[in-house]
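These notes concern the structure reproduced below.
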Amino acid sequence: MKNNLSNIKKAIKYLNNNECVGIPTETVYGLAANAYSDKGTLKIFKLKKRPKKNPLIVHYYNLNDLKKDCLISLKFLKLYKKFCPGPISFVLKLKRNSRISNNVTNNKKNIAVRFPRHQLTRRLLKVLKYPLAAPSANLSRKISPVSKKDVVDEFGKKIKFILDGGRSKIGVESTIVSLINKPKILRLGGIERNKINKFLINKNKKKYKIKNIVVPGQGKIHYSPEIPIRLNIKNPKKYEAFMLIKKRKISKKNFFYLSKKKNLKEAAKNLYKTLRIIKKNKFKSIAVEKIPDIGFGETINDRLIRASK
Ligand code: AMP
Ligand code: MG
């Protein structure tokens with residue numbers, strides 16, 4: 001606890017100086033900067049090598065803080081009460097007098113926001129005088145980090161400070177819901193589609209297809225381990241890493257279990273970690289067992305399809 005307090009103080013010091021800081025969230029680790037600062041937010045794009053047209057998600061402590069920058073609707077409030085703090089992001093309209101840096105939104109009038117649940121980051125957000133712009137703490141298009149060590153793997157000493165909050169509990173990015181015009185799921189993630197649909201009047205019944213997605217940054221290539229991936233495989237080749245979701249009678253050295261009991265939530269949590277391990281072990285190819293396209297399986301398949309491009 002004491003240690004946490006001094007680490008939070010360190011993080012505040014760096015953030016106040018317009019530096020980027022690694023922060024833990026329940027989804028993945030973020031690379032955070034003062035969302036009101038042009039200088040701080042610019043550093044995020046530079047460090048990540050992220051195209052400027054790919055807008056950032058801004059992290060708030062609570063509704064009161066959000067209201068300073070964004071316009072909210074009843075539909076938003078309903079979702080907020082049900083799911084926040086938690087692994088869901090919303091695209092909302094910016095207020096005219098909002099102080100959000102134009103770097104964050106790529107000069108647009110809409111903004112993606114989120115209320116992370118991780119206690120350490122909540123404590124940080126509570127004391128800061130500004131919200132945090134924080135995309136995942138990885139180089140653009142690469143695998144998202146789920147621990148402090150992963151962030152170090154990505155950036156080495158280029159980041160001045162990382163707040164260590166242990167392993168991310170959800171392990172995949174937030175679900176993004178746009179509340180501009182008709183509510184729409186823009187990216188699958190840490191909350192299953194069905195759970196969100198129950199709360200939306202215009203049900204998002206359509207199956208999510210990559211080609212329908214027009215948001216910046218949700219390109220076809222993403223989350224890439226830079227190793228070829230083959231999906232829906234029953235029997236892998238000998239030299240391939242094989243990712244599975246159910247225990248087999250005979251396991252081999254190249255088998256990597258995302259889950260042993262077909263638990264899709266557990267499998268999602270282990271996805272990025274496992275991809276990183278496979279990469280470290282220098283496999284030249286990855287085969288993946290068929291993953292049911294339901295609940296968290298949909299999120300896993302979305303990421304794997306992009307990773308395989
Ligand atoms: P991440 O890299 O996980 O922080 O995710 C950021 C993603 O949020 C972007 O790639 C976009 O898909 C989405 N996003 C951020 N801001 C907006 C916005 N104003 N409108 C639509 N999507 C957005
Ligand atoms: Mg990302």
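In the structure tokens, chains take letters A, B, ... by order of appearance, with residues numbered from 1 within each chain and ligands from 1 in the order shown.
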Using only C-alpha atoms and all ligand atoms, find each protein or nucleic acid residue lying at most 8 Å from ligand 1; present the set as a tab-separated table (two decimals) with C-alpha atoms, in the first residue's frame.
chain	number	residue	atom	x	y	z
A	30	GLY	CA	-1.97	1.81	-21.33
A	54	ASN	CA	-5.79	7.07	-35.16
A	55	PRO	CA	-7.55	8.78	-32.21
A	56	LEU	CA	-6.89	7.96	-28.55
A	57	ILE	CA	-9.24	6.75	-25.83
A	89	SER	CA	-15.40	2.61	-24.15
A	91	VAL	CA	-17.73	7.42	-28.49
A	92	LEU	CA	-19.45	10.66	-27.47
A	104	VAL	CA	-6.39	13.05	-29.07
A	105	THR	CA	-9.31	13.33	-31.47
A	108	LYS	CA	-12.68	15.75	-34.79
A	109	LYS	CA	-15.72	16.60	-32.66
A	110	ASN	CA	-16.20	13.07	-31.29
A	111	ILE	CA	-14.15	11.38	-28.61
A	112	ALA	CA	-13.75	7.85	-27.23
A	113	VAL	CA	-13.84	7.67	-23.42
A	134	ALA	CA	-4.07	6.16	-23.01
A	135	PRO	CA	-3.90	3.76	-25.94
A	136	SER	CA	-2.43	0.33	-25.36
A	173	GLU	CA	-9.03	-4.30	-25.11
A	174	SER	CA	-12.33	-2.64	-24.20
A	176	ILE	CA	-16.11	0.27	-28.05
A	178	SER	CA	-20.50	4.53	-30.46
A	186	LEU	CA	-17.25	-0.43	-33.20
A	187	ARG	CA	-14.88	-2.93	-31.69
A	215	VAL	CA	-13.35	3.83	-37.54
A	216	PRO	CA	-9.73	4.85	-37.78
A	217	GLY	CA	-7.29	2.47	-36.20
A	218	GLN	CA	-9.43	-0.63	-36.61
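The set of residues in segment 12-152 of chain A assigned to strand (DSSP E) by DSSP, using only backbone atoms of this structure, is A:Val21, A:Gly22, A:Ile23, A:Gly30, A:Leu31, A:Ala32, A:Ala33, A:Asn34, A:Ile57, A:Val58, A:His59, A:Cys70, A:Leu71, A:Ile88, A:Ser89, A:Phe90, A:Val91, A:Leu92, A:Lys93, A:Leu94, A:Asn110, A:Ile111, A:Ala112, A:Val113, A:Arg114, A:Leu132, A:Ala133.
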DSSP alpha helix (DSSP H) residues within segment 31-268 of chain A, as a PyMOL selection string: chain A and resi 38-48+63-67+74-83+102-105+119-127+148-155+193-197+264-268
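Between ligand 2 and the residues A:Pro131, A:Gly297, A:Pro145, A:Pro236, the shortest atom-to-atom distance, using only C-alpha atoms and all ligand atoms, involves A:Pro145.
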Can you list, as a PyMOL selection string, every protein, DNA or RNA residue that comes within 12 Å of segment 223-227 of chain A when you count only C-alpha atoms, leaving out same-chain residues fewer than 5 positions away? chain A and resi 136-145+172-173+217-218+240-241+271-287+300-309
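Shortest atom-to-atom contact with ligand 2 among A:Asn7, A:Asn16, A:Ser168, A:Thr27: A:Thr27, counting only C-alpha atoms and all ligand atoms.
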For segment 190-193 of chain A, find every residue with an atom within 6 Å (counting only C-alpha atoms), except residues of its own chain fewer than 3 positions away, and show them as a ChimeraX atom specification. /A:87,174-175,196,295
Nearest candidate to ligand 2 (options A:Lys149, A:His222, A:His118, A:Lys9; using only C-alpha atoms and all ligand atoms): A:His222
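What separates atom CA of Leu15 of chain A from atom CA of Ala33 of chain A is a distance of 6.0 Å.
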May I have the residues within 8 Å of Lys75 of chain A as a list in words, using only C-alpha atoms and disregarding those fewer than 4 positions away in the same chain? Leu79, Leu179 and Leu200 of chain A
Take the residues just selected and output them with N, CA, C and O atoms as a PDB file, in the first residue's frame.
ATOM      1  N   LEU A  79     -25.898   2.739 -19.870  1.00  0.00           N
ATOM      2  CA  LEU A  79     -24.742   1.858 -20.044  1.00  0.00           C
ATOM      3  C   LEU A  79     -23.678   2.139 -18.976  1.00  0.00           C
ATOM      4  O   LEU A  79     -23.049   1.230 -18.439  1.00  0.00           O
ATOM      5  N   LEU A 179     -22.065   6.088 -29.461  1.00  0.00           N
ATOM      6  CA  LEU A 179     -23.403   6.593 -29.139  1.00  0.00           C
ATOM      7  C   LEU A 179     -23.707   7.848 -29.960  1.00  0.00           C
ATOM      8  O   LEU A 179     -24.566   8.654 -29.619  1.00  0.00           O
ATOM      9  N   LEU A 200     -29.406  -1.830 -25.244  1.00  0.00           N
ATOM     10  CA  LEU A 200     -29.586  -0.885 -26.343  1.00  0.00           C
ATOM     11  C   LEU A 200     -30.931  -1.136 -27.021  1.00  0.00           C
ATOM     12  O   LEU A 200     -31.326  -2.271 -27.218  1.00  0.00           O
TER      13      LEU A 200
END
Pick from A:Gly189, A:Leu77, A:Leu71, A:Val177 nearest to ligand 2, counting only C-alpha atoms and all ligand atoms: A:Gly189
For Lys158 of chain A, please output as a PDB file with all heavy atoms, in the first residue's frame all residues within 12 Å (counting only C-alpha atoms; exclusion window: fewer than 2 positions along the same chain).
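Result file follows (out.pdb):
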ATOM      1  N   GLU A  19       5.101  13.970 -19.394  1.00  0.00           N
ATOM      2  CA  GLU A  19       5.740  12.719 -19.804  1.00  0.00           C
ATOM      3  C   GLU A  19       4.688  11.625 -19.926  1.00  0.00           C
ATOM      4  O   GLU A  19       3.592  11.741 -19.378  1.00  0.00           O
ATOM      5  CB  GLU A  19       6.779  12.276 -18.757  1.00  0.00           C
ATOM      6  CG  GLU A  19       7.954  13.210 -18.589  1.00  0.00           C
ATOM      7  CD  GLU A  19       8.865  13.251 -19.817  1.00  0.00           C
ATOM      8  OE1 GLU A  19       8.714  12.393 -20.709  1.00  0.00           O
ATOM      9  OE2 GLU A  19       9.699  14.172 -19.879  1.00  0.00           O
ATOM     10  N   CYS A  20       5.041  10.557 -20.650  1.00  0.00           N
ATOM     11  CA  CYS A  20       4.162   9.394 -20.754  1.00  0.00           C
ATOM     12  C   CYS A  20       4.496   8.395 -19.647  1.00  0.00           C
ATOM     13  O   CYS A  20       5.651   8.181 -19.319  1.00  0.00           O
ATOM     14  CB  CYS A  20       4.362   8.682 -22.092  1.00  0.00           C
ATOM     15  SG  CYS A  20       3.847   9.662 -23.492  1.00  0.00           S
ATOM     16  N   VAL A  21       3.445   7.765 -19.125  1.00  0.00           N
ATOM     17  CA  VAL A  21       3.606   6.783 -18.048  1.00  0.00           C
ATOM     18  C   VAL A  21       2.817   5.523 -18.409  1.00  0.00           C
ATOM     19  O   VAL A  21       1.708   5.617 -18.940  1.00  0.00           O
ATOM     20  CB  VAL A  21       3.089   7.408 -16.721  1.00  0.00           C
ATOM     21  CG1 VAL A  21       2.828   6.358 -15.671  1.00  0.00           C
ATOM     22  CG2 VAL A  21       4.062   8.453 -16.195  1.00  0.00           C
ATOM     23  N   GLY A  22       3.378   4.362 -18.144  1.00  0.00           N
ATOM     24  CA  GLY A  22       2.644   3.109 -18.347  1.00  0.00           C
ATOM     25  C   GLY A  22       1.665   2.911 -17.201  1.00  0.00           C
ATOM     26  O   GLY A  22       2.046   3.065 -16.037  1.00  0.00           O
ATOM     27  N   LEU A  31      -0.510   3.424 -22.353  1.00  0.00           N
ATOM     28  CA  LEU A  31       0.569   4.418 -22.373  1.00  0.00           C
ATOM     29  C   LEU A  31      -0.109   5.772 -22.203  1.00  0.00           C
ATOM     30  O   LEU A  31      -0.731   6.289 -23.132  1.00  0.00           O
ATOM     31  CB  LEU A  31       1.329   4.348 -23.696  1.00  0.00           C
ATOM     32  CG  LEU A  31       2.524   5.291 -23.818  1.00  0.00           C
ATOM     33  CD1 LEU A  31       3.593   4.942 -22.789  1.00  0.00           C
ATOM     34  CD2 LEU A  31       3.131   5.205 -25.213  1.00  0.00           C
ATOM     35  N   LYS A  43       3.654  12.947 -27.513  1.00  0.00           N
ATOM     36  CA  LYS A  43       4.670  11.943 -27.164  1.00  0.00           C
ATOM     37  C   LYS A  43       4.114  10.520 -27.296  1.00  0.00           C
ATOM     38  O   LYS A  43       4.842   9.597 -27.641  1.00  0.00           O
ATOM     39  CB  LYS A  43       5.184  12.182 -25.741  1.00  0.00           C
ATOM     40  CG  LYS A  43       6.195  13.296 -25.674  1.00  0.00           C
ATOM     41  CD  LYS A  43       6.808  13.429 -24.295  1.00  0.00           C
ATOM     42  CE  LYS A  43       7.688  14.668 -24.259  1.00  0.00           C
ATOM     43  NZ  LYS A  43       7.993  15.110 -22.907  1.00  0.00           N
ATOM     44  N   ILE A  44       2.833  10.353 -26.994  1.00  0.00           N
ATOM     45  CA  ILE A  44       2.221   9.016 -27.137  1.00  0.00           C
ATOM     46  C   ILE A  44       2.358   8.541 -28.577  1.00  0.00           C
ATOM     47  O   ILE A  44       2.791   7.424 -28.848  1.00  0.00           O
ATOM     48  CB  ILE A  44       0.713   9.046 -26.754  1.00  0.00           C
ATOM     49  CG1 ILE A  44       0.526   9.360 -25.270  1.00  0.00           C
ATOM     50  CG2 ILE A  44       0.055   7.710 -27.100  1.00  0.00           C
ATOM     51  CD1 ILE A  44      -0.933   9.410 -24.831  1.00  0.00           C
ATOM     52  N   LYS A  46       4.410   9.526 -30.869  1.00  0.00           N
ATOM     53  CA  LYS A  46       5.814   9.318 -31.246  1.00  0.00           C
ATOM     54  C   LYS A  46       6.329   7.992 -30.716  1.00  0.00           C
ATOM     55  O   LYS A  46       6.932   7.211 -31.454  1.00  0.00           O
ATOM     56  CB  LYS A  46       6.667  10.457 -30.687  1.00  0.00           C
ATOM     57  CG  LYS A  46       6.500  11.733 -31.473  1.00  0.00           C
ATOM     58  CD  LYS A  46       7.809  12.513 -31.523  1.00  0.00           C
ATOM     59  CE  LYS A  46       7.701  13.627 -32.538  1.00  0.00           C
ATOM     60  NZ  LYS A  46       8.104  14.915 -31.988  1.00  0.00           N
ATOM     61  N   LEU A  47       6.088   7.751 -29.424  1.00  0.00           N
ATOM     62  CA  LEU A  47       6.595   6.517 -28.803  1.00  0.00           C
ATOM     63  C   LEU A  47       6.010   5.275 -29.467  1.00  0.00           C
ATOM     64  O   LEU A  47       6.697   4.297 -29.718  1.00  0.00           O
ATOM     65  CB  LEU A  47       6.241   6.498 -27.312  1.00  0.00           C
ATOM     66  CG  LEU A  47       7.178   7.246 -26.378  1.00  0.00           C
ATOM     67  CD1 LEU A  47       6.543   7.427 -25.009  1.00  0.00           C
ATOM     68  CD2 LEU A  47       8.489   6.469 -26.230  1.00  0.00           C
ATOM     69  N   LYS A  48       4.723   5.320 -29.741  1.00  0.00           N
ATOM     70  CA  LYS A  48       4.038   4.145 -30.316  1.00  0.00           C
ATOM     71  C   LYS A  48       4.251   4.017 -31.822  1.00  0.00           C
ATOM     72  O   LYS A  48       3.894   3.018 -32.413  1.00  0.00           O
ATOM     73  CB  LYS A  48       2.521   4.246 -30.045  1.00  0.00           C
ATOM     74  CG  LYS A  48       2.085   3.768 -28.674  1.00  0.00           C
ATOM     75  CD  LYS A  48       0.573   3.849 -28.534  1.00  0.00           C
ATOM     76  CE  LYS A  48      -0.216   2.948 -29.446  1.00  0.00           C
ATOM     77  NZ  LYS A  48      -0.358   1.558 -29.043  1.00  0.00           N
ATOM     78  N   ALA A 137      -0.177   0.121 -24.477  1.00  0.00           N
ATOM     79  CA  ALA A 137       1.247   0.465 -24.376  1.00  0.00           C
ATOM     80  C   ALA A 137       2.119  -0.486 -25.200  1.00  0.00           C
ATOM     81  O   ALA A 137       2.978  -1.188 -24.673  1.00  0.00           O
ATOM     82  CB  ALA A 137       1.676   0.465 -22.915  1.00  0.00           C
ATOM     83  N   ASN A 138       1.873  -0.485 -26.508  1.00  0.00           N
ATOM     84  CA  ASN A 138       2.663  -1.301 -27.427  1.00  0.00           C
ATOM     85  C   ASN A 138       2.952  -0.475 -28.671  1.00  0.00           C
ATOM     86  O   ASN A 138       2.279   0.529 -28.927  1.00  0.00           O
ATOM     87  CB  ASN A 138       1.870  -2.554 -27.835  1.00  0.00           C
ATOM     88  CG  ASN A 138       0.497  -2.196 -28.350  1.00  0.00           C
ATOM     89  OD1 ASN A 138      -0.433  -1.995 -27.568  1.00  0.00           O
ATOM     90  ND2 ASN A 138       0.374  -2.065 -29.659  1.00  0.00           N
ATOM     91  N   LEU A 139       3.941  -0.906 -29.439  1.00  0.00           N
ATOM     92  CA  LEU A 139       4.182  -0.244 -30.718  1.00  0.00           C
ATOM     93  C   LEU A 139       2.958  -0.462 -31.588  1.00  0.00           C
ATOM     94  O   LEU A 139       2.303  -1.509 -31.510  1.00  0.00           O
ATOM     95  CB  LEU A 139       5.427  -0.844 -31.370  1.00  0.00           C
ATOM     96  CG  LEU A 139       6.730  -0.516 -30.638  1.00  0.00           C
ATOM     97  CD1 LEU A 139       7.875  -1.362 -31.162  1.00  0.00           C
ATOM     98  CD2 LEU A 139       7.055   0.971 -30.748  1.00  0.00           C
ATOM     99  N   VAL A 151       5.260  -4.260 -21.137  1.00  0.00           N
ATOM    100  CA  VAL A 151       5.468  -2.863 -21.540  1.00  0.00           C
ATOM    101  C   VAL A 151       6.963  -2.595 -21.691  1.00  0.00           C
ATOM    102  O   VAL A 151       7.394  -1.945 -22.642  1.00  0.00           O
ATOM    103  CB  VAL A 151       4.846  -1.879 -20.517  1.00  0.00           C
ATOM    104  CG1 VAL A 151       5.025  -0.437 -20.995  1.00  0.00           C
ATOM    105  CG2 VAL A 151       3.365  -2.175 -20.315  1.00  0.00           C
ATOM    106  N   VAL A 152       7.744  -3.129 -20.762  1.00  0.00           N
ATOM    107  CA  VAL A 152       9.203  -2.978 -20.858  1.00  0.00           C
ATOM    108  C   VAL A 152       9.691  -3.635 -22.152  1.00  0.00           C
ATOM    109  O   VAL A 152      10.519  -3.082 -22.873  1.00  0.00           O
ATOM    110  CB  VAL A 152       9.913  -3.601 -19.627  1.00  0.00           C
ATOM    111  CG1 VAL A 152      11.424  -3.549 -19.785  1.00  0.00           C
ATOM    112  CG2 VAL A 152       9.488  -2.877 -18.351  1.00  0.00           C
ATOM    113  N   ASP A 153       9.154  -4.805 -22.469  1.00  0.00           N
ATOM    114  CA  ASP A 153       9.497  -5.493 -23.727  1.00  0.00           C
ATOM    115  C   ASP A 153       9.266  -4.594 -24.937  1.00  0.00           C
ATOM    116  O   ASP A 153      10.028  -4.617 -25.891  1.00  0.00           O
ATOM    117  CB  ASP A 153       8.584  -6.713 -23.925  1.00  0.00           C
ATOM    118  CG  ASP A 153       9.180  -7.951 -23.301  1.00  0.00           C
ATOM    119  OD1 ASP A 153      10.266  -7.846 -22.715  1.00  0.00           O
ATOM    120  OD2 ASP A 153       8.545  -9.016 -23.399  1.00  0.00           O
ATOM    121  N   GLU A 154       8.197  -3.826 -24.906  1.00  0.00           N
ATOM    122  CA  GLU A 154       7.832  -2.986 -26.047  1.00  0.00           C
ATOM    123  C   GLU A 154       8.724  -1.750 -26.163  1.00  0.00           C
ATOM    124  O   GLU A 154       9.147  -1.388 -27.240  1.00  0.00           O
ATOM    125  CB  GLU A 154       6.375  -2.523 -25.931  1.00  0.00           C
ATOM    126  CG  GLU A 154       5.344  -3.625 -26.143  1.00  0.00           C
ATOM    127  CD  GLU A 154       5.262  -4.080 -27.598  1.00  0.00           C
ATOM    128  OE1 GLU A 154       5.291  -3.223 -28.489  1.00  0.00           O
ATOM    129  OE2 GLU A 154       5.165  -5.295 -27.835  1.00  0.00           O
ATOM    130  N   PHE A 155       8.965  -1.095 -25.022  1.00  0.00           N
ATOM    131  CA  PHE A 155       9.592   0.235 -25.091  1.00  0.00           C
ATOM    132  C   PHE A 155      10.948   0.352 -24.406  1.00  0.00           C
ATOM    133  O   PHE A 155      11.607   1.379 -24.524  1.00  0.00           O
ATOM    134  CB  PHE A 155       8.657   1.292 -24.478  1.00  0.00           C
ATOM    135  CG  PHE A 155       7.387   1.469 -25.250  1.00  0.00           C
ATOM    136  CD1 PHE A 155       6.184   0.977 -24.775  1.00  0.00           C
ATOM    137  CD2 PHE A 155       7.395   2.130 -26.466  1.00  0.00           C
ATOM    138  CE1 PHE A 155       5.002   1.136 -25.492  1.00  0.00           C
ATOM    139  CE2 PHE A 155       6.230   2.302 -27.189  1.00  0.00           C
ATOM    140  CZ  PHE A 155       5.027   1.800 -26.696  1.00  0.00           C
ATOM    141  N   GLY A 156      11.345  -0.656 -23.653  1.00  0.00           N
ATOM    142  CA  GLY A 156      12.618  -0.571 -22.933  1.00  0.00           C
ATOM    143  C   GLY A 156      12.672   0.674 -22.078  1.00  0.00           C
ATOM    144  O   GLY A 156      11.723   0.962 -21.335  1.00  0.00           O
ATOM    145  N   LYS A 160       9.586   6.558 -19.133  1.00  0.00           N
ATOM    146  CA  LYS A 160      10.275   6.902 -17.887  1.00  0.00           C
ATOM    147  C   LYS A 160       9.746   6.138 -16.679  1.00  0.00           C
ATOM    148  O   LYS A 160      10.475   5.859 -15.745  1.00  0.00           O
ATOM    149  CB  LYS A 160      10.133   8.409 -17.641  1.00  0.00           C
ATOM    150  CG  LYS A 160      10.746   9.232 -18.776  1.00  0.00           C
ATOM    151  CD  LYS A 160      11.689  10.283 -18.249  1.00  0.00           C
ATOM    152  CE  LYS A 160      12.577  10.825 -19.333  1.00  0.00           C
ATOM    153  NZ  LYS A 160      12.163  12.068 -19.903  1.00  0.00           N
ATOM    154  N   PHE A 161       8.449   5.821 -16.697  1.00  0.00           N
ATOM    155  CA  PHE A 161       7.894   5.155 -15.511  1.00  0.00           C
ATOM    156  C   PHE A 161       6.681   4.288 -15.872  1.00  0.00           C
ATOM    157  O   PHE A 161       5.870   4.671 -16.710  1.00  0.00           O
ATOM    158  CB  PHE A 161       7.475   6.205 -14.464  1.00  0.00           C
ATOM    159  CG  PHE A 161       7.036   5.611 -13.164  1.00  0.00           C
ATOM    160  CD1 PHE A 161       7.948   4.968 -12.337  1.00  0.00           C
ATOM    161  CD2 PHE A 161       5.706   5.668 -12.772  1.00  0.00           C
ATOM    162  CE1 PHE A 161       7.543   4.394 -11.141  1.00  0.00           C
ATOM    163  CE2 PHE A 161       5.288   5.108 -11.571  1.00  0.00           C
ATOM    164  CZ  PHE A 161       6.211   4.467 -10.753  1.00  0.00           C
ATOM    165  N   ILE A 162       6.607   3.119 -15.239  1.00  0.00           N
ATOM    166  CA  ILE A 162       5.438   2.241 -15.419  1.00  0.00           C
ATOM    167  C   ILE A 162       4.884   1.904 -14.040  1.00  0.00           C
ATOM    168  O   ILE A 162       5.623   1.455 -13.161  1.00  0.00           O
ATOM    169  CB  ILE A 162       5.818   0.926 -16.138  1.00  0.00           C
ATOM    170  CG1 ILE A 162       6.510   1.211 -17.474  1.00  0.00           C
ATOM    171  CG2 ILE A 162       4.575   0.056 -16.350  1.00  0.00           C
ATOM    172  CD1 ILE A 162       7.219  -0.008 -18.059  1.00  0.00           C
TER     173      ILE A 162
END
